[in-house]
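> input.cif is reproduced below (mmCIF, N, CA and C atoms).
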```cif
data_my_file
loop_
_atom_site.group_PDB
_atom_site.id
_atom_site.type_symbol
_atom_site.label_atom_id
_atom_site.label_comp_id
_atom_site.auth_asym_id
_atom_site.auth_seq_id
_atom_site.Cartn_x
_atom_site.Cartn_y
_atom_site.Cartn_z
ATOM 1 N N MET A 46 -105.436 62.117 -18.071
ATOM 2 C CA MET A 46 -104.534 63.232 -18.365
ATOM 3 C C MET A 46 -104.423 64.180 -17.184
ATOM 4 N N ALA A 47 -103.245 64.715 -17.031
ATOM 5 C CA ALA A 47 -103.019 65.658 -15.945
ATOM 6 C C ALA A 47 -103.658 66.997 -16.282
ATOM 7 N N ASP A 48 -104.108 67.646 -15.239
ATOM 8 C CA ASP A 48 -104.744 68.953 -15.415
ATOM 9 C C ASP A 48 -103.649 69.996 -15.672
ATOM 10 N N VAL A 49 -103.626 70.570 -16.831
ATOM 11 C CA VAL A 49 -102.601 71.554 -17.209
ATOM 12 C C VAL A 49 -103.178 72.943 -16.968
ATOM 13 N N ARG A 50 -102.511 73.669 -16.099
ATOM 14 C CA ARG A 50 -102.954 75.033 -15.814
ATOM 15 C C ARG A 50 -102.007 76.021 -16.484
ATOM 16 N N GLU A 51 -102.600 77.025 -16.967
ATOM 17 C CA GLU A 51 -101.798 78.078 -17.594
ATOM 18 C C GLU A 51 -101.366 79.059 -16.520
ATOM 19 N N ARG A 52 -100.104 79.426 -16.547
ATOM 20 C CA ARG A 52 -99.582 80.384 -15.578
ATOM 21 C C ARG A 52 -100.205 81.753 -15.804
ATOM 22 N N PRO A 53 -100.514 82.434 -14.730
ATOM 23 C CA PRO A 53 -101.028 83.796 -14.916
ATOM 24 C C PRO A 53 -99.920 84.678 -15.489
ATOM 25 N N ARG A 54 -100.246 85.521 -16.371
ATOM 26 C CA ARG A 54 -99.264 86.417 -17.003
ATOM 27 C C ARG A 54 -99.033 87.629 -16.114
ATOM 28 N N ARG A 55 -97.791 87.965 -16.023
ATOM 29 C CA ARG A 55 -97.446 89.166 -15.266
ATOM 30 C C ARG A 55 -97.589 90.380 -16.148
ATOM 31 N N ARG A 56 -98.021 91.415 -15.518
ATOM 32 C CA ARG A 56 -98.107 92.674 -16.262
ATOM 33 C C ARG A 56 -96.716 93.240 -16.444
ATOM 34 N N LYS A 57 -96.462 93.739 -17.588
ATOM 35 C CA LYS A 57 -95.185 94.396 -17.836
ATOM 36 C C LYS A 57 -95.277 95.815 -17.298
ATOM 37 N N ARG A 58 -94.219 96.198 -16.638
ATOM 38 C CA ARG A 58 -94.187 97.564 -16.121
ATOM 39 C C ARG A 58 -94.008 98.528 -17.280
ATOM 40 N N ALA A 59 -94.766 99.579 -17.203
ATOM 41 C CA ALA A 59 -94.619 100.611 -18.234
ATOM 42 C C ALA A 59 -93.306 101.340 -17.990
ATOM 43 N N ARG A 60 -92.493 101.366 -18.969
ATOM 44 C CA ARG A 60 -91.215 102.081 -18.847
ATOM 45 C C ARG A 60 -91.452 103.563 -19.036
ATOM 46 N N SER A 61 -90.886 104.315 -18.114
ATOM 47 C CA SER A 61 -90.996 105.755 -18.272
ATOM 48 C C SER A 61 -89.892 106.194 -19.226
ATOM 49 N N VAL A 62 -90.254 106.909 -20.190
ATOM 50 C CA VAL A 62 -89.299 107.372 -21.181
ATOM 51 C C VAL A 62 -88.791 108.738 -20.729
ATOM 52 N N VAL A 63 -87.512 108.777 -20.424
ATOM 53 C CA VAL A 63 -86.890 110.016 -19.977
ATOM 54 C C VAL A 63 -85.900 110.442 -21.046
ATOM 55 N N SER A 64 -86.054 111.660 -21.463
ATOM 56 C CA SER A 64 -85.144 112.142 -22.495
ATOM 57 C C SER A 64 -83.766 112.410 -21.903
ATOM 58 N N GLU A 65 -82.803 112.473 -22.757
ATOM 59 C CA GLU A 65 -81.431 112.734 -22.318
ATOM 60 C C GLU A 65 -81.332 114.113 -21.670
ATOM 61 N N ASP A 66 -82.063 115.089 -22.204
ATOM 62 C CA ASP A 66 -82.042 116.436 -21.624
ATOM 63 C C ASP A 66 -82.606 116.442 -20.208
ATOM 64 N N GLU A 67 -83.704 115.697 -19.986
ATOM 65 C CA GLU A 67 -84.294 115.629 -18.652
ATOM 66 C C GLU A 67 -83.337 114.958 -17.670
ATOM 67 N N LEU A 68 -82.655 113.943 -18.130
ATOM 68 C CA LEU A 68 -81.696 113.238 -17.288
ATOM 69 C C LEU A 68 -80.516 114.143 -16.931
ATOM 70 N N ARG A 69 -80.013 114.870 -17.888
ATOM 71 C CA ARG A 69 -78.905 115.808 -17.620
ATOM 72 C C ARG A 69 -79.337 116.900 -16.653
ATOM 73 N N HIS A 70 -80.566 117.396 -16.831
ATOM 74 C CA HIS A 70 -81.077 118.437 -15.935
ATOM 75 C C HIS A 70 -81.166 117.902 -14.506
ATOM 76 N N SER A 71 -81.669 116.680 -14.341
ATOM 77 C CA SER A 71 -81.775 116.078 -13.009
ATOM 78 C C SER A 71 -80.395 115.921 -12.374
ATOM 79 N N LEU A 72 -79.418 115.522 -13.166
ATOM 80 C CA LEU A 72 -78.054 115.371 -12.671
ATOM 81 C C LEU A 72 -77.466 116.727 -12.275
ATOM 82 N N ASP A 73 -77.728 117.764 -13.053
ATOM 83 C CA ASP A 73 -77.247 119.106 -12.716
ATOM 84 C C ASP A 73 -77.859 119.596 -11.408
ATOM 85 N N VAL A 74 -79.148 119.342 -11.220
ATOM 86 C CA VAL A 74 -79.817 119.738 -9.980
ATOM 87 C C VAL A 74 -79.187 119.003 -8.802
ATOM 88 N N PHE A 75 -78.923 117.701 -8.970
ATOM 89 C CA PHE A 75 -78.294 116.912 -7.907
ATOM 90 C C PHE A 75 -76.913 117.468 -7.572
ATOM 91 N N ARG A 76 -76.156 117.815 -8.588
ATOM 92 C CA ARG A 76 -74.787 118.309 -8.367
ATOM 93 C C ARG A 76 -74.760 119.661 -7.664
ATOM 94 N N LYS A 77 -75.871 120.398 -7.686
ATOM 95 C CA LYS A 77 -75.915 121.667 -6.961
ATOM 96 C C LYS A 77 -75.913 121.439 -5.458
ATOM 97 N N PHE A 78 -76.354 120.262 -5.026
ATOM 98 C CA PHE A 78 -76.452 119.970 -3.610
ATOM 99 C C PHE A 78 -75.342 119.060 -3.093
ATOM 100 N N VAL A 79 -74.785 118.228 -3.948
ATOM 101 C CA VAL A 79 -73.763 117.269 -3.514
ATOM 102 C C VAL A 79 -72.647 117.203 -4.554
ATOM 103 N N VAL A 80 -71.419 117.194 -4.069
ATOM 104 C CA VAL A 80 -70.245 117.028 -4.926
ATOM 105 C C VAL A 80 -69.538 115.773 -4.447
ATOM 106 N N GLU A 81 -69.029 114.978 -5.366
ATOM 107 C CA GLU A 81 -68.286 113.777 -4.996
ATOM 108 C C GLU A 81 -66.814 113.992 -5.302
ATOM 109 N N CYS A 82 -65.983 113.661 -4.346
ATOM 110 C CA CYS A 82 -64.535 113.775 -4.530
ATOM 111 C C CYS A 82 -64.085 112.781 -5.592
ATOM 112 N N HIS A 83 -63.304 113.253 -6.548
ATOM 113 C CA HIS A 83 -62.823 112.379 -7.621
ATOM 114 C C HIS A 83 -61.776 111.387 -7.127
ATOM 115 N N ALA A 84 -61.139 111.680 -6.006
ATOM 116 C CA ALA A 84 -60.075 110.814 -5.509
ATOM 117 C C ALA A 84 -60.586 109.707 -4.578
ATOM 118 N N CYS A 85 -61.514 110.057 -3.657
ATOM 119 C CA CYS A 85 -61.938 109.058 -2.661
ATOM 120 C C CYS A 85 -63.444 108.809 -2.663
ATOM 121 N N GLN A 86 -64.194 109.468 -3.527
ATOM 122 C CA GLN A 86 -65.634 109.309 -3.690
ATOM 123 C C GLN A 86 -66.431 109.681 -2.442
ATOM 124 N N THR A 87 -65.902 110.543 -1.594
ATOM 125 C CA THR A 87 -66.624 111.041 -0.437
ATOM 126 C C THR A 87 -67.538 112.171 -0.895
ATOM 127 N N GLU A 88 -68.768 112.198 -0.374
ATOM 128 C CA GLU A 88 -69.696 113.265 -0.728
ATOM 129 C C GLU A 88 -69.391 114.499 0.116
ATOM 130 N N ALA A 89 -69.539 115.663 -0.491
ATOM 131 C CA ALA A 89 -69.249 116.919 0.189
ATOM 132 C C ALA A 89 -70.218 117.991 -0.305
ATOM 133 N N PRO A 90 -70.484 119.015 0.518
ATOM 134 C CA PRO A 90 -71.314 120.133 0.055
ATOM 135 C C PRO A 90 -70.627 120.839 -1.116
ATOM 136 N N PRO A 91 -71.393 121.436 -2.012
ATOM 137 C CA PRO A 91 -70.800 122.038 -3.218
ATOM 138 C C PRO A 91 -69.921 123.248 -2.960
ATOM 139 N N TYR A 92 -70.029 123.888 -1.808
ATOM 140 C CA TYR A 92 -69.239 125.090 -1.552
ATOM 141 C C TYR A 92 -67.865 124.769 -0.970
ATOM 142 N N TRP A 93 -67.588 123.495 -0.658
ATOM 143 C CA TRP A 93 -66.267 123.126 -0.156
ATOM 144 C C TRP A 93 -65.259 123.180 -1.289
ATOM 145 N N GLN A 94 -64.080 123.682 -0.998
ATOM 146 C CA GLN A 94 -63.019 123.777 -1.989
ATOM 147 C C GLN A 94 -62.140 122.527 -1.989
ATOM 148 N N TYR A 95 -62.032 121.852 -0.830
ATOM 149 C CA TYR A 95 -61.172 120.688 -0.689
ATOM 150 C C TYR A 95 -61.907 119.573 0.046
ATOM 151 N N CYS A 96 -61.560 118.339 -0.247
ATOM 152 C CA CYS A 96 -62.141 117.164 0.412
ATOM 153 C C CYS A 96 -61.585 117.069 1.833
ATOM 154 N N THR A 97 -62.463 116.838 2.808
ATOM 155 C CA THR A 97 -62.013 116.730 4.189
ATOM 156 C C THR A 97 -61.408 115.362 4.495
ATOM 157 N N GLU A 98 -61.632 114.387 3.632
ATOM 158 C CA GLU A 98 -61.095 113.042 3.852
ATOM 159 C C GLU A 98 -59.680 112.878 3.297
ATOM 160 N N CYS A 99 -59.473 113.325 2.052
ATOM 161 C CA CYS A 99 -58.167 113.084 1.426
ATOM 162 C C CYS A 99 -57.430 114.375 1.041
ATOM 163 N N GLY A 100 -58.087 115.516 1.107
ATOM 164 C CA GLY A 100 -57.432 116.789 0.807
ATOM 165 C C GLY A 100 -57.394 117.167 -0.660
ATOM 166 N N ALA A 101 -58.047 116.396 -1.538
ATOM 167 C CA ALA A 101 -58.039 116.695 -2.972
ATOM 168 C C ALA A 101 -58.873 117.953 -3.255
ATOM 169 N N ARG A 102 -58.489 118.680 -4.273
ATOM 170 C CA ARG A 102 -59.213 119.892 -4.654
ATOM 171 C C ARG A 102 -60.541 119.505 -5.292
ATOM 172 N N LEU A 103 -61.651 120.054 -4.774
ATOM 173 C CA LEU A 103 -62.983 119.786 -5.300
ATOM 174 C C LEU A 103 -63.453 120.882 -6.248
ATOM 175 N N ALA A 104 -62.992 122.087 -6.012
ATOM 176 C CA ALA A 104 -63.469 123.229 -6.785
ATOM 177 C C ALA A 104 -62.984 123.160 -8.224
ATOM 178 N N THR A 105 -63.819 123.587 -9.129
ATOM 179 C CA THR A 105 -63.435 123.673 -10.530
ATOM 180 C C THR A 105 -63.489 125.104 -11.022
ATOM 181 N N ARG A 106 -63.931 125.999 -10.156
ATOM 182 C CA ARG A 106 -64.036 127.412 -10.515
ATOM 183 C C ARG A 106 -63.334 128.250 -9.442
ATOM 184 N N CYS A 107 -62.791 129.350 -9.868
ATOM 185 C CA CYS A 107 -62.113 130.266 -8.952
ATOM 186 C C CYS A 107 -63.136 130.868 -7.986
ATOM 187 N N PRO A 108 -62.833 130.880 -6.680
ATOM 188 C CA PRO A 108 -63.767 131.478 -5.730
ATOM 189 C C PRO A 108 -63.846 132.994 -5.855
ATOM 190 N N GLY A 109 -62.834 133.608 -6.484
ATOM 191 C CA GLY A 109 -62.831 135.059 -6.636
ATOM 192 C C GLY A 109 -63.631 135.565 -7.821
ATOM 193 N N CYS A 110 -63.421 134.940 -8.992
ATOM 194 C CA CYS A 110 -64.057 135.461 -10.207
ATOM 195 C C CYS A 110 -64.970 134.463 -10.901
ATOM 196 N N GLY A 111 -64.919 133.183 -10.506
ATOM 197 C CA GLY A 111 -65.782 132.179 -11.124
ATOM 198 C C GLY A 111 -65.237 131.583 -12.409
ATOM 199 N N SER A 112 -64.063 131.984 -12.819
ATOM 200 C CA SER A 112 -63.456 131.425 -14.032
ATOM 201 C C SER A 112 -62.955 130.015 -13.748
ATOM 202 N N PRO A 113 -62.805 129.174 -14.784
ATOM 203 C CA PRO A 113 -62.251 127.836 -14.563
ATOM 204 C C PRO A 113 -60.859 127.924 -13.940
ATOM 205 N N LEU A 114 -60.591 127.032 -12.993
ATOM 206 C CA LEU A 114 -59.289 127.037 -12.325
ATOM 207 C C LEU A 114 -58.198 126.555 -13.269
ATOM 208 N N PRO A 115 -56.989 127.075 -13.111
ATOM 209 C CA PRO A 115 -55.857 126.603 -13.910
ATOM 210 C C PRO A 115 -55.458 125.205 -13.444
ATOM 211 N N PRO A 116 -54.549 124.543 -14.148
ATOM 212 C CA PRO A 116 -54.107 123.203 -13.745
ATOM 213 C C PRO A 116 -53.554 123.189 -12.318
ATOM 214 N N VAL A 117 -53.581 122.016 -11.724
ATOM 215 C CA VAL A 117 -53.065 121.839 -10.370
ATOM 216 C C VAL A 117 -51.621 122.297 -10.324
ATOM 217 N N GLY A 118 -51.273 122.997 -9.279
ATOM 218 C CA GLY A 118 -49.913 123.488 -9.118
ATOM 219 C C GLY A 118 -49.795 124.984 -9.362
ATOM 220 N N ALA A 119 -50.795 125.586 -10.016
ATOM 221 C CA ALA A 119 -50.767 127.036 -10.235
ATOM 222 C C ALA A 119 -50.967 127.738 -8.894
ATOM 223 N N HIS A 120 -50.282 128.837 -8.698
ATOM 224 C CA HIS A 120 -50.349 129.556 -7.428
ATOM 225 C C HIS A 120 -51.374 130.686 -7.443
ATOM 226 N N TYR A 121 -51.760 131.156 -8.640
ATOM 227 C CA TYR A 121 -52.696 132.270 -8.739
ATOM 228 C C TYR A 121 -53.670 132.050 -9.883
ATOM 229 N N CYS A 122 -54.862 132.618 -9.761
ATOM 230 C CA CYS A 122 -55.846 132.572 -10.847
ATOM 231 C C CYS A 122 -55.361 133.473 -11.970
ATOM 232 N N PRO A 123 -55.339 132.991 -13.218
ATOM 233 C CA PRO A 123 -54.850 133.825 -14.321
ATOM 234 C C PRO A 123 -55.825 134.934 -14.705
ATOM 235 N N HIS A 124 -57.042 134.904 -14.183
ATOM 236 C CA HIS A 124 -58.034 135.914 -14.560
ATOM 237 C C HIS A 124 -58.142 137.050 -13.550
ATOM 238 N N CYS A 125 -58.132 136.713 -12.243
ATOM 239 C CA CYS A 125 -58.302 137.773 -11.244
ATOM 240 C C CYS A 125 -57.104 137.923 -10.318
ATOM 241 N N GLY A 126 -56.174 136.951 -10.317
ATOM 242 C CA GLY A 126 -54.958 137.057 -9.518
ATOM 243 C C GLY A 126 -55.088 136.580 -8.081
ATOM 244 N N ILE A 127 -56.238 136.030 -7.699
ATOM 245 C CA ILE A 127 -56.399 135.558 -6.324
ATOM 246 C C ILE A 127 -55.475 134.362 -6.095
ATOM 247 N N ALA A 128 -54.916 134.270 -4.877
ATOM 248 C CA ALA A 128 -54.014 133.162 -4.548
ATOM 249 C C ALA A 128 -54.808 131.860 -4.462
ATOM 250 N N ILE A 129 -54.261 130.800 -5.055
ATOM 251 C CA ILE A 129 -54.883 129.480 -5.023
ATOM 252 C C ILE A 129 -54.046 128.623 -4.088
ATOM 253 N N PRO A 130 -54.664 128.109 -3.004
ATOM 254 C CA PRO A 130 -53.879 127.281 -2.083
ATOM 255 C C PRO A 130 -53.395 126.007 -2.754
ATOM 256 N N PRO A 131 -52.314 125.408 -2.259
ATOM 257 C CA PRO A 131 -51.817 124.159 -2.843
ATOM 258 C C PRO A 131 -52.861 123.054 -2.736
ATOM 259 N N GLU A 132 -52.768 122.050 -3.618
ATOM 260 C CA GLU A 132 -53.774 120.974 -3.650
ATOM 261 C C GLU A 132 -53.790 120.151 -2.385
ATOM 262 N N GLU A 133 -52.650 119.734 -1.906
ATOM 263 C CA GLU A 133 -52.594 118.892 -0.719
ATOM 264 C C GLU A 133 -52.550 119.748 0.523
ATOM 265 N N ALA A 134 -53.398 119.399 1.501
ATOM 266 C CA ALA A 134 -53.466 120.175 2.731
ATOM 267 C C ALA A 134 -52.151 120.114 3.480
ATOM 268 N N GLY A 135 -51.443 118.999 3.405
ATOM 269 C CA GLY A 135 -50.197 118.827 4.125
ATOM 270 C C GLY A 135 -48.969 119.130 3.295
ATOM 271 N N GLU A 136 -49.112 119.796 2.173
ATOM 272 C CA GLU A 136 -47.968 120.069 1.297
ATOM 273 C C GLU A 136 -46.992 121.012 1.982
ATOM 274 N N LYS A 137 -45.728 120.685 1.949
ATOM 275 C CA LYS A 137 -44.682 121.515 2.578
ATOM 276 C C LYS A 137 -44.034 122.380 1.512
ATOM 277 N N THR A 138 -43.798 123.638 1.872
ATOM 278 C CA THR A 138 -43.141 124.552 0.923
ATOM 279 C C THR A 138 -41.777 124.933 1.397
#
```
Could I get this structure in the form of C-alpha cells?

Amino acid sequence: MADVRERPRRRKRARSVVSEDELRHSLDVFRKFVVECHACQTEAPPYWQYCTECGARLATRCPGCGSPLPPVGAHYCPHCGIAIPPEEAGEKT
C-alpha cells in the first residue's frame, strides 16, 4: 500500500469584525484628506473647488457660508449671495 500522508491544515485567518459605524468613520476621515473627482476620478486636496484635470466642480458646500451649493448653473449662493463661478473652466459667456 502507498503511504498516505495527510495534508497539513492551514490556519484560518481571524476575521476582524468592523462595524458599519467604524467603517463610515474611517471613510469620513479619509475624505477629509482626499477628494475624488466624480467625472475623471482624479484625486485632489479637499480644499480645491474644481478638478485641475477636467474642470468639474468638486465643492459641495459654499466657500462663503458653508451651505450646500445650489444645482450646477446657479450664479449665486441662495444663502449668502456669493458669486459661484461657472462649472467649466473654459465656459464662454
> If I take CA of Leu103 in chain A and CA of Cys82 in chain A, how far is one from the other in Å, to one decimal?
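It comes out at 6.3 Å.
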> Using all atoms listed in the file, determine which residues lie at most 6 Å from His120 in chain A, disregarding the query and same-chain residues fewer than 5 positions distant; provide the list as a list in words.
Ile127, Ala128 and Ile129 of chain A
> Next, dump the selected residues to file, keeping only N, CA and C atoms, as a compact mmCIF listing (two decimals), in the coordinates of the input.

```txt
# COMPACT_ATOMS: atom_id res chain seq x y z
N ILE A 127 -56.24 136.03 -7.70
CA ILE A 127 -56.40 135.56 -6.32
C ILE A 127 -55.48 134.36 -6.10
N ALA A 128 -54.92 134.27 -4.88
CA ALA A 128 -54.01 133.16 -4.55
C ALA A 128 -54.81 131.86 -4.46
N ILE A 129 -54.26 130.80 -5.06
CA ILE A 129 -54.88 129.48 -5.02
C ILE A 129 -54.05 128.62 -4.09
```
> As JSON, please report the centre and edge lengths, rounded to one decimal in Å, of the axis-aligned box that holds all listed atoms of range 83-98 of chain A with 6 Å of padding on each of the six sides.

```
{"center_x": -65.5, "center_y": 116.9, "center_z": -1.6, "size_x": 23.7, "size_y": 28.3, "size_z": 24.1}
```
> Between CA of Leu114 in chain A and atom N of Glu65 in chain A, what is the distance, to one decimal in Å?
29.6 Å
> So what do you get for CA of Asp73 in chain A versus CA of Ala119 in chain A, distance-wise?
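Separation of CA of Asp73 in chain A and CA of Ala119 in chain A: 27.8 Å.
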> Name the residues in contact with Pro91 in chain A at a cut-off of 6 Å, using only N, CA and C atoms, excluding same-chain residues fewer than 2 positions from it; report them as a ChimeraX atom specification.
/A:77-80,89,93
> Could you dump the residues just selected with N, CA and C atoms as a PDB file, in the frame of the given file?

```pdb
ATOM      1  N   LYS A  77     -75.871 120.398  -7.686  1.00  0.00           N
ATOM      2  CA  LYS A  77     -75.915 121.667  -6.961  1.00  0.00           C
ATOM      3  C   LYS A  77     -75.913 121.439  -5.458  1.00  0.00           C
ATOM      4  N   PHE A  78     -76.354 120.262  -5.026  1.00  0.00           N
ATOM      5  CA  PHE A  78     -76.452 119.970  -3.610  1.00  0.00           C
ATOM      6  C   PHE A  78     -75.342 119.060  -3.093  1.00  0.00           C
ATOM      7  N   VAL A  79     -74.785 118.228  -3.948  1.00  0.00           N
ATOM      8  CA  VAL A  79     -73.763 117.269  -3.514  1.00  0.00           C
ATOM      9  C   VAL A  79     -72.647 117.203  -4.554  1.00  0.00           C
ATOM     10  N   VAL A  80     -71.419 117.194  -4.069  1.00  0.00           N
ATOM     11  CA  VAL A  80     -70.245 117.028  -4.926  1.00  0.00           C
ATOM     12  C   VAL A  80     -69.538 115.773  -4.447  1.00  0.00           C
ATOM     13  N   ALA A  89     -69.539 115.663  -0.491  1.00  0.00           N
ATOM     14  CA  ALA A  89     -69.249 116.919   0.189  1.00  0.00           C
ATOM     15  C   ALA A  89     -70.218 117.991  -0.305  1.00  0.00           C
ATOM     16  N   TRP A  93     -67.588 123.495  -0.658  1.00  0.00           N
ATOM     17  CA  TRP A  93     -66.267 123.126  -0.156  1.00  0.00           C
ATOM     18  C   TRP A  93     -65.259 123.180  -1.289  1.00  0.00           C
TER      19      TRP A  93
END
```
